[in-house]
Each structure stands twice: as C-alpha cells, then as structure tokens.
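Structure first, commentary second.
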Amino acid sequence: MRAFIRQLKPAIISVIVFTVLLGGVYPLVATAIGQVAFNDEANGSLIRRDGVVVGSELIGQTFTAPEYFHSRPSAAGAGYDGSASSGSNYGPQNPDFLAAVAERVAAYREENGLSGDVSVPVDAVTASASGLDPHISVANARLQAARVAQARGLTLAVVMGLIDDHTDGRSLGVLGEPGVNVVLLNLALDEQG
Amino acid sequence: MSWQNVLQFAALALLLAVTVPLLGRYIANVFGARADGSAPGDRFFNPIERVIYRIFGVDPKREQRWNVYAASMMAFTLLSLLSLYVLLRTQGSLPFNPTDRESLTPTGAFNAAVSFTTNTNWQWFSGEVSISHLTQMLGLAVQNFTSAAVGLAIVIALIRGITRSGSRNLGNFWVDLTRGIVRVLLPLALVGTVVLISQGVVQNFNGHTTATTIDATNTDADGNPATTQLIPGGPVASQEAIKELGTNGGGYYNANSSHPFENTNGFTDFMEIYMLLLIPLSLVVTFGCMVRDKRQSRLLIAVMAGILIVFAGVASLAEQNGNSKLTELQVDQSLSTTQSGGNMEGKEVRFGAAACGVFAASTTGTSTGAVNCMHDSFTAFGGMAPMLHMMLGEISPGGVGVGLSGVLIMALLSVFIAGLMVGRTPEYLGKKIQASEMKLVTLYILAMPFALLTFAAAAIVLRGATTYQAGPHGLSEVLYNYASTANNNGSAFAYQGTGTQWYTVSQGVSMLMGRFFTIIPVLAIGGSLAAKPKVPATSGTMPTHNPLFGFLLAGVIAIVAGLTFFPALALGPILEHLSL
C-alpha cells in the first residue's frame with residue numbers, strides 16, 4: 001500500500017501529460033495534416049450540387065422513387081440516418097428477420113417486374129452492418145435497370161453503361177469486393193436529364 | 001471464396017511476414033535488448049523522454065520490484081479511470097461538443113471508464129449518440145494509447161523476469177509506459193492516421209452536416225417529407241488508427257469499422273486488419289530477441305498463426321456459405337461475377353462476407369473488438385468462431401502485450417503438464433517452474449472463465465427478462481457479451497440491450513477481473529522468475545521450440561478452453577446450428 005501511495009504522484013502527473021499529448025496534440029496535428037493534405041476526404045467526401053450539400057460519396061441514402069436505383073434495406077434510424085449508424089443485429093433464424101426478408105423479396109420482385117422464379121440478390125433484401133452502405137451489388141443494380149430506364153425514358157443500354165461507370169472495383173484489384181455506388185449512380189442519372 | 005479473397009489473405013500474410021520481424025526487433029531495442037541499452041532514434045527521443053521523466057518526478061534508472069511495478073500500474077490505471085469517469089459525467093457542460101451530447105449516468109460512465117482503461121472498449125452506448133468530440137479525444141483516444149502501453153509494459157516486465165537471474169527487479173513502469181507510447185504507438189498511429197484520411201476516413205471537428213437528399217420524394221413513416229440527411233463529423237481517423245494498433249476496438253461511431261467513415265473501402269479494411277495484428281505479432285519477435293533464442297518466437301508465432309488461420313477459415317467459409325433459411329426464401333447467396341454473395345445481413349457490400357470472417361477472427365484473436373460486420377447476424381458456426389476464439393483467452397496473437405503474456409502462461413502450463421508426465425521438474429527457458437509459479441498460473445487461467453461464466457449464468461438466472469433473442473441464439477448473445485468483457489475484447493452480439501444497470505455494473509466488474517486478475521499474476525510470475533538462477537539445458541530438458549511442443553501447447557490451449565466452455569457452447573451456437 002505504501003508503494004501504491006508513493007506512485008500516486010507520478011500517476012496523477014502522467015495522466016495529465018498523456019492527456020495533453022495524446023488527447024490534445026496528437027488529434028490536432030492529425031486534423032491539421034488531414035485538413036491541409038486531404039481536405040475533401042477529411043471532411044466526409046461531401047457532394048455539392050449548385051452549392052448545396054446533397055450527400056457524401058461514402059454514405060448511402062434512401063431512394064424510393066422508381067426512377068432511382070434503390071439502396072439496401074437500412075437499420076440506421078428510420079433508414080440511412082447518418083446520426084444513428086447501426087445494423088439490425090438480427091440472428092440468422094430470428095422469425096422477425098425471416099418475415100422481413102420474405103416481404104422484401106416479394107416487394108423487390110413486384111417493383112422490378114420480376115417473375116416468381118427469379119432469385120433475388122442477397123444484398124437487396126438484407127440490411128448492412130452500418131445501415132449506411134453506399135453500395136449495392138452489380139447483380140442487384142442490373143435487375144433494377146429496366147425499371148429505372150422505363151421510368152426515365154432512357155434506353156436500357158444507357159442505364160447499363162452508367163452502372164458500369166459507377167461500379168467501384170476492388171482496391172488495387174484484389175482488396176474488398178466490387179459494388180455499385182448508388183448515390184453517385186443516381187446523381188449521374190439526374191445529370192442525364 | 002473467390003481467388004481475390006485468397007490473394008487478399010496471402011497479401012496480408014506477406015505484408016506481416018516482412019514487417020513483423022522489423023518492428024519486433026525495433027521494440028526489443030526500445031526496451032533494452034542491446035547490450036549498451038541504446039535504441040534507434042535515441043537522438044530524437046531521449047531528450048523528449050528526459051523532459052517527461054523530470055515532469056513525472058521519476059528516476060528512469062531506478063528499477064522496481066514486481067510489486068512496486070504492479071503498484072505503479074494500478075495507480076496509473078486508477079487515475080486514468082477516475083479522469084475518464086469525470087469526463088464522461090461532465091461532458092454535457094464541457095466545450096467541443098457540437099452535437100450537444102449529454103453526460104452519462106453513474107453506472108454508464110463507470111462501465112465506459114472501466115471499459116476503455118482496461119483495453120476492452122466494450123460500448124453499451126452508440127458513439128455518435130452518446131459521446132462528445134471532447135470526450136472522444138481527451139478520454140477515449142488517450143486510453144486507447146495508454147491501456148495498450150500498459151499491456152506492452154507488462155509483457156516486457158515478464159520477459160525481463162525470464163531473462164534475468166538473481167534479480168528482484170523487472171524494470172521501471174514509468175519508463176516502459178513512456179517509451180511504449182512515445183517510440184512505438186504514437187509514431188505508428190500518426191502514419192496510420194494519414195493513410196486512413198487519404199482514403200476518406202474523416203478527421204474534422206464538425207458536428208452534423210445537413211445534406212438535402214437526392215430523392216426529393218422521400219417521406220417518413222407518417223408521410224411527411226423527409227429529404228434531409230445528417231452526415232456526422234469528428235476526429236475519427238486519429239482514433240481509428242490507435243483503435244486498431246492498440247488492439248482497443250472502440251468505434252467512434254456505433255457501427256464501428258463497418259461505418260464508411262471509419263472504414264472506407266477494401267484497402268482501408270485490409271489496413272485495419274493489418275494494424276490490429278501488427279504489434280501483437282511483433283511482440284513475439286521482441287520476445288525472441290530479448291531471450292536471445294529466435295526459435296522460441298518462431299514456434300509461438302507458428303502456434304498463434306495456426307489457430308488464427310483455422311478460425312479465420314471457419315468464419316469466412318461459414319459466412320460465405322450463407323444462411324440456409326434465406327435460400328428457402330429464394331434469396332440468391334451464391335458467389336458470381338456480379339455479386340460476392342454469402343450471408344449479407346449485417347455486412348457491407350464493399351467488404352463482402354468472406355473478408356468479414358478474417359476481420360472477425362483477427363479482432364477476437366487480438367482482443368481488439370473492432371468489427372467490420374455485425375457478429376450477432378453471423379450464422380451459427382460463423383458466430384461461434386469469434387466467440388470460441390475469445391474463449392481461448394485471446395492468445396492468437398492476443399492484445400498488445402497481454403496476448404503474448406497469455407501465451408507464455410499457457411507455455412508454462414504446457415511444460416508443467418509435460419513435466420508431470422515424465423516426472424521431472426518442469427523448466428522453461430532455463431527457469432525451473434515450481435509450486436509458486438503454478439499457483440499463479442492457475443489463478444490466471446481461472447480468472448477469465450470465472451468472470452465470464454459466473455456473470456453469464458447470473459444474468460440468465462437472475463435477470464431472465466432482459467432483452468435477447470429467443471432460443472439458443474439468446475444464450476449465445478449473453479455468452480458472447482460476457483466472453484467479450486471477461487477477455488477485454490469489446491465486440492458484441494449487439495441485439496441484446498446492455499445499457500441497463502445490471503449489465504453496465506456486472507460487465508464493468510467482469511472487465512476489471514479479466515484485466516487485473518490476469519496481469520497482476522503475470523507480474524508476480526515475472527518477479528518470481530527473475531530471482532531464480534538459470535539452469536543450463538541438459539539432454540533431459542524438454543525443448544520448447546520444436547513441433548512436438550507446438551502441438552502440446554496448442555493442445556493445452558484447446559483442452560483448457562474446451563473443458564471450460566463446451567457445455568455452454570453446446571446449448572448456444574451448436575444447438576442453434578443443429579436446429580436449422
């Protein structure tokens with residue numbers, strides 16, 4: 001106990017010193033580097049249209065209109081709530097989860113005019129881990145392409161081309177998985193007019 | 001799994017194989033492996049450290065016995081805990097709080113303060129909902145560094161105990177703590193931060209940015225227009241880097257490393273897995289350098305890597321294989337050229353299912369607890385892999401410092417069991433392992449299961465009404481969450497609400513037991529070994545660097561965990577799998 005009490009003085013001082021160094025200097029230096037060298041990235045890769053922030057390249061959004069590609073289901077708040085990231089945390093056999101998936105499968109088929117024997121891509125009917133996933137699979141995007149093309153009066157080929165343009169490949173060719181960035185794809189569609 | 005997945009694992013292994021020996025040797029020199037005690041970068045670091053020691057009022061040349069070393073560590077941890085507790089209780093009235101986060105309740109703050117000072121980083125709260133930018137920086141990020149540096153100091157003290165003879169001293173805690181932070185963690189974290197920012201991990205002091213959503217027809221549940229989205233800010237990258245490097249794992253945001261602002265793409269995911277494995281593996285090389293026998297470290301790395309690869313493989317395959325209940329609903333989970341497939345509930349498209357298995361195995365093998373996918377939504381076997389991996393005691397390769405000390409304890413147990421078989425006094429690296437050490441080893445081995453099973457059982461028996469999902473999955477949730485706290489991991493089966501008073505208090509105690517009932521015995525063993533003379537190896541000495549010992553060690557690790565946890569696992573994930 002005497003040893004403990006004798007060590008209290010360096011303990012108090014060291015907590016203060018390390019709080020200043022690691023809690024003050026370190027994040028300030030990191031922020032300074034980030035803001036100067038990677039300003040856009042450090043501030044959330046925001047997208048502006050006519051000076052208005054319309055989202056972030058990295059954060060998905062809810063899309064409900066038929067002329068937009070639809071994102072994955074989301075458990076973040078009421079859906080794609082950037083202030084409340086979350087997965088559903090449903091276990092694989094949870095009856096509520098399985099009922100929700102069955103409902104989403106039916107809705108997806110109806111929305112996209114698919115017959116009852118078409119399997120639905122898994123990402124289209126499952127919620128992501130963050131609830132903010134900006135991507136959908138290429139398979140999911142292609143199944144939605146006909147609906148989007150029809151709603152916008154575009155040819156299927158044009159929409160398919162845009163899907164290819166907005167498919168993020170694997171980093172360095174091998175890391176991660178490819179996905180279609182729904183936010184950027186839908187913005188590109190809007191720019192088509 | 002696709003060939004890209006396989007290549008990804010190979011690239012990770014290669015990058016580790018190249019960098020781990022370099023960092024391991026560097027850390028050994030930082031902690032005095034060279035005969036003259038010099039280390040690379042002395043010209044730069046020595047003056048800084050001299051100033052720090054003067055402010056602390058400690059004499060860096062004065063070494064401590066194990067009990068003084070432990071008292072210093074406890075004093076430092078207690079003060080850290082207090083300062084974080086006060087910060088969490090008062091953050092509502094402090095500056096740097098652009099999103100107006102309120103102060104936490106007493107039990108909530110107790111749990112969070114214990115969690116971050118014990119390197120657990122269990123979070124019963126959502127980061128973006130409950131914690132201000134100021135607390136993230138001055139509180140959580142600071143503990144990310146210092147709790148890892150404490151673990152580092154502990155294992156260095158243990159290694160000194162093994163290498164010294166006829167000494168009572170294990171080094172100076174304040175010196176080891178300072179050097180670990182200034183020379184190892186801080187430089188690596190700065191590099192990691194810049195790499196992460198360059199990829200889009202955010203680093204700012206903004207509150208929420210309001211965006212006008214692209215689809216102007218969106219409505220909320222009541223049919224009112226809902227055309228705005230809040231985009232969060234914060235000094236995230238600086239926290240993210242040390243969160244992985246220090247095997248901490250507490251996310252800035254609720255979704256942790258699955259959040260696009262914490263983990264942007266396949267490359268950052270790869271980097272984060274790399275960063276969380278880097279220091280724990282390097283420390284094994286450090287051990288080999290300090291005991292001047294590289295064969296020892298090679299054997300330990302082989303055992304750790306073997307276990308890690310098995311768990312990564314099981315989890316990856318289980319998740320890539322998908323959820324058979326969804327196949328019945330005509331959901332396509334196959335791997336093809338247009339989708340990565342697998343069990344995608346609670347997973348991000350940019351990572352895919354297979355990479356989640358590798359992250360899950362790495363985060364539970366290292367006591368990190370960061371997640372890039374939601375473990376609660378894993379398949380039965382996919383979820384059992386990270387749970388069982390924690391239950392092994394997190395020694396493959398374990399958290400910064402505590403992982404290596406854990407595996408050294410298991411090595412002592414292995415030589416003891418082997419000694420019993422042949423009727424010789426067991427030895428490890430020339431030190432006789434006797435009754436006093438074995439009592440401490442036993443205490444160490446019992447501490448974690450006690451902190452896990454007792455509380456898990458009590459939670460179920462006494463508090464049957466707390467939220468978890470029905471059936472065996474509910475038991476898995478309780479087991480997983482106490483496995484996480486008792487092992488100072490911090491990942492969660494997060495469906496279960498753990499913000500209640502019962503959970504915040506019991507899990508806080510579980511974390512304290514899992515931390516201090518293990519590292520104090522480790523220091524005591526170090527002290528006891530330091531005093532012993534070195535016995536020269538004879539033809540009767542059991543070598544501890546050959547495959548036979550490797551299998552013995554792996555077997556002991558598996559048997560200890562199996563005997564302790566199999567009954568509970570049988571009623572949780574195994575029953576869940578069988579009931580498919």
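Identifiers in the structure tokens: chain A, B, ... in order shown; residue index from 1 per chain; ligand index from 1 in order shown.
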* Could you pull the residues within 12 Å of range 413-424 of chain B, counting only C-alpha atoms, minus those fewer than 2 positions along the same chain, as a PyMOL selection string? -> chain B and resi 406-411+426-435+437-445+540-545+548-560
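Excluding range 146-156 of chain A itself and any same-chain residue fewer than 3 positions from it, the protein and nucleic acid residues within 9 Å of it, counting only C-alpha atoms, are Pro66, Glu67, Tyr68, Phe69, Glu111, Asn112, Gly113, Arg142, Leu143, Val159, Met160, Gly161, Leu189 and Gly193 of chain A.
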With N, CA and C atoms retained, write the just-selected residues as a compact mmCIF listing (two decimals), in the first residue's frame.
# COMPACT_ATOMS: atom_id res chain seq x y z
N PRO A 66 -39.34 5.42 -58.39
CA PRO A 66 -38.94 4.36 -59.32
C PRO A 66 -37.81 4.78 -60.26
N GLU A 67 -37.62 6.09 -60.48
CA GLU A 67 -36.57 6.50 -61.42
C GLU A 67 -35.17 6.51 -60.80
N TYR A 68 -35.09 6.12 -59.54
CA TYR A 68 -33.78 5.99 -58.90
C TYR A 68 -33.49 4.53 -58.59
N PHE A 69 -32.21 4.19 -58.60
CA PHE A 69 -31.81 2.89 -58.07
C PHE A 69 -32.02 2.90 -56.56
N GLU A 111 -41.76 -4.56 -57.64
CA GLU A 111 -41.21 -3.29 -58.07
C GLU A 111 -40.50 -3.38 -59.42
N ASN A 112 -39.75 -4.48 -59.58
CA ASN A 112 -38.92 -4.60 -60.78
C ASN A 112 -39.52 -5.51 -61.83
N GLY A 113 -40.80 -5.90 -61.65
CA GLY A 113 -41.48 -6.72 -62.64
C GLY A 113 -40.81 -8.06 -62.88
N ARG A 142 -28.35 -4.43 -61.88
CA ARG A 142 -28.82 -4.81 -63.23
C ARG A 142 -30.29 -5.21 -63.22
N LEU A 143 -30.73 -5.83 -62.10
CA LEU A 143 -32.15 -6.20 -62.03
C LEU A 143 -33.05 -4.97 -61.90
N VAL A 159 -28.52 3.03 -69.33
CA VAL A 159 -28.54 2.80 -67.87
C VAL A 159 -27.49 1.76 -67.50
N MET A 160 -27.40 0.69 -68.28
CA MET A 160 -26.39 -0.34 -68.01
C MET A 160 -24.98 0.25 -68.08
N GLY A 161 -24.79 1.16 -69.03
CA GLY A 161 -23.49 1.82 -69.16
C GLY A 161 -23.16 2.63 -67.92
N LEU A 189 -27.58 9.81 -63.12
CA LEU A 189 -28.86 9.69 -63.84
C LEU A 189 -29.56 11.05 -63.92
N GLY A 193 -30.63 14.05 -67.30
CA GLY A 193 -31.85 14.79 -67.58
C GLY A 193 -33.05 13.91 -67.71
* Tell me the residues of chain A close to chain B, meaning within 6 Å using only C-alpha atoms, as number ranges by chain. => A: 3-4, 7-8, 10-11, 13, 19, 22-23, 27, 31, 38, 41-44, 53-55, 58, 63, 82-83, 85-87, 89-92, 119-123, 126-130, 135, 137-139, 171, 174-177
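Between CA of Leu170 in chain B and CA of Ala157 in chain B there is a distance of 5.1 Å.
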Quick one: pick out all alpha helix (DSSP H) residues within range 118-170 of chain A from a backbone DSSP run and write them as a short mmCIF file (atom, residue, chain, number, x, y, z; two decimals) with N, CA and C atoms, in the first residue's frame.
data_model
loop_
_atom_site.label_atom_id
_atom_site.label_comp_id
_atom_site.auth_asym_id
_atom_site.auth_seq_id
_atom_site.Cartn_x
_atom_site.Cartn_y
_atom_site.Cartn_z
N VAL A 138 -23.60 -5.55 -58.27
CA VAL A 138 -23.86 -5.35 -59.70
C VAL A 138 -25.12 -6.12 -60.10
N ALA A 139 -25.28 -7.32 -59.54
CA ALA A 139 -26.47 -8.13 -59.85
C ALA A 139 -27.74 -7.39 -59.47
N ASN A 140 -27.73 -6.78 -58.29
CA ASN A 140 -28.87 -6.02 -57.80
C ASN A 140 -29.15 -4.84 -58.72
N ALA A 141 -28.10 -4.11 -59.09
CA ALA A 141 -28.28 -2.93 -59.96
C ALA A 141 -28.87 -3.33 -61.31
N ARG A 142 -28.35 -4.43 -61.88
CA ARG A 142 -28.82 -4.81 -63.23
C ARG A 142 -30.29 -5.21 -63.22
N LEU A 143 -30.73 -5.83 -62.10
CA LEU A 143 -32.15 -6.20 -62.03
C LEU A 143 -33.05 -4.97 -61.90
N GLN A 144 -32.49 -3.87 -61.39
CA GLN A 144 -33.29 -2.65 -61.26
C GLN A 144 -33.23 -1.78 -62.52
N ALA A 145 -32.29 -2.09 -63.42
CA ALA A 145 -32.00 -1.19 -64.55
C ALA A 145 -33.22 -0.97 -65.44
N ALA A 146 -33.97 -2.05 -65.72
CA ALA A 146 -35.10 -1.91 -66.65
C ALA A 146 -36.14 -0.94 -66.08
N ARG A 147 -36.41 -1.04 -64.79
CA ARG A 147 -37.39 -0.16 -64.16
C ARG A 147 -36.95 1.31 -64.26
N VAL A 148 -35.66 1.54 -63.95
CA VAL A 148 -35.15 2.91 -63.98
C VAL A 148 -35.19 3.45 -65.41
N ALA A 149 -34.79 2.63 -66.36
CA ALA A 149 -34.77 3.06 -67.76
C ALA A 149 -36.17 3.45 -68.21
N GLN A 150 -37.14 2.61 -67.84
CA GLN A 150 -38.52 2.88 -68.25
C GLN A 150 -39.03 4.17 -67.60
N ALA A 151 -38.78 4.32 -66.30
CA ALA A 151 -39.28 5.50 -65.59
C ALA A 151 -38.67 6.79 -66.12
N ARG A 152 -37.46 6.71 -66.67
CA ARG A 152 -36.78 7.91 -67.14
C ARG A 152 -36.83 8.06 -68.65
N LEU A 156 -32.15 0.96 -72.15
CA LEU A 156 -31.52 0.07 -71.17
C LEU A 156 -30.00 0.14 -71.29
N ALA A 157 -29.53 0.28 -72.53
CA ALA A 157 -28.08 0.30 -72.74
C ALA A 157 -27.42 1.48 -72.03
N VAL A 158 -28.09 2.63 -72.06
CA VAL A 158 -27.53 3.81 -71.41
C VAL A 158 -27.43 3.58 -69.90
N VAL A 159 -28.52 3.03 -69.33
CA VAL A 159 -28.54 2.80 -67.87
C VAL A 159 -27.49 1.76 -67.50
N MET A 160 -27.40 0.69 -68.28
CA MET A 160 -26.39 -0.34 -68.01
C MET A 160 -24.98 0.25 -68.08
N GLY A 161 -24.79 1.16 -69.03
CA GLY A 161 -23.49 1.82 -69.16
C GLY A 161 -23.16 2.63 -67.92
N LEU A 162 -24.18 3.33 -67.40
CA LEU A 162 -23.96 4.13 -66.19
C LEU A 162 -23.63 3.23 -64.99
N ILE A 163 -24.28 2.07 -64.94
CA ILE A 163 -23.97 1.13 -63.85
C ILE A 163 -22.48 0.76 -63.90
N ASP A 164 -22.02 0.44 -65.11
CA ASP A 164 -20.60 0.07 -65.24
C ASP A 164 -19.70 1.23 -64.81
N ASP A 165 -20.09 2.46 -65.21
CA ASP A 165 -19.26 3.62 -64.87
C ASP A 165 -19.17 3.84 -63.37
#
* Asked: If we count only C-alpha atoms, what is near Arg101 in chain B at a cut-off of 8 Å, once residues fewer than 6 positions away on the same chain are taken out, given as a PyMOL selection string?
  -> chain B and resi 91-92+129-132
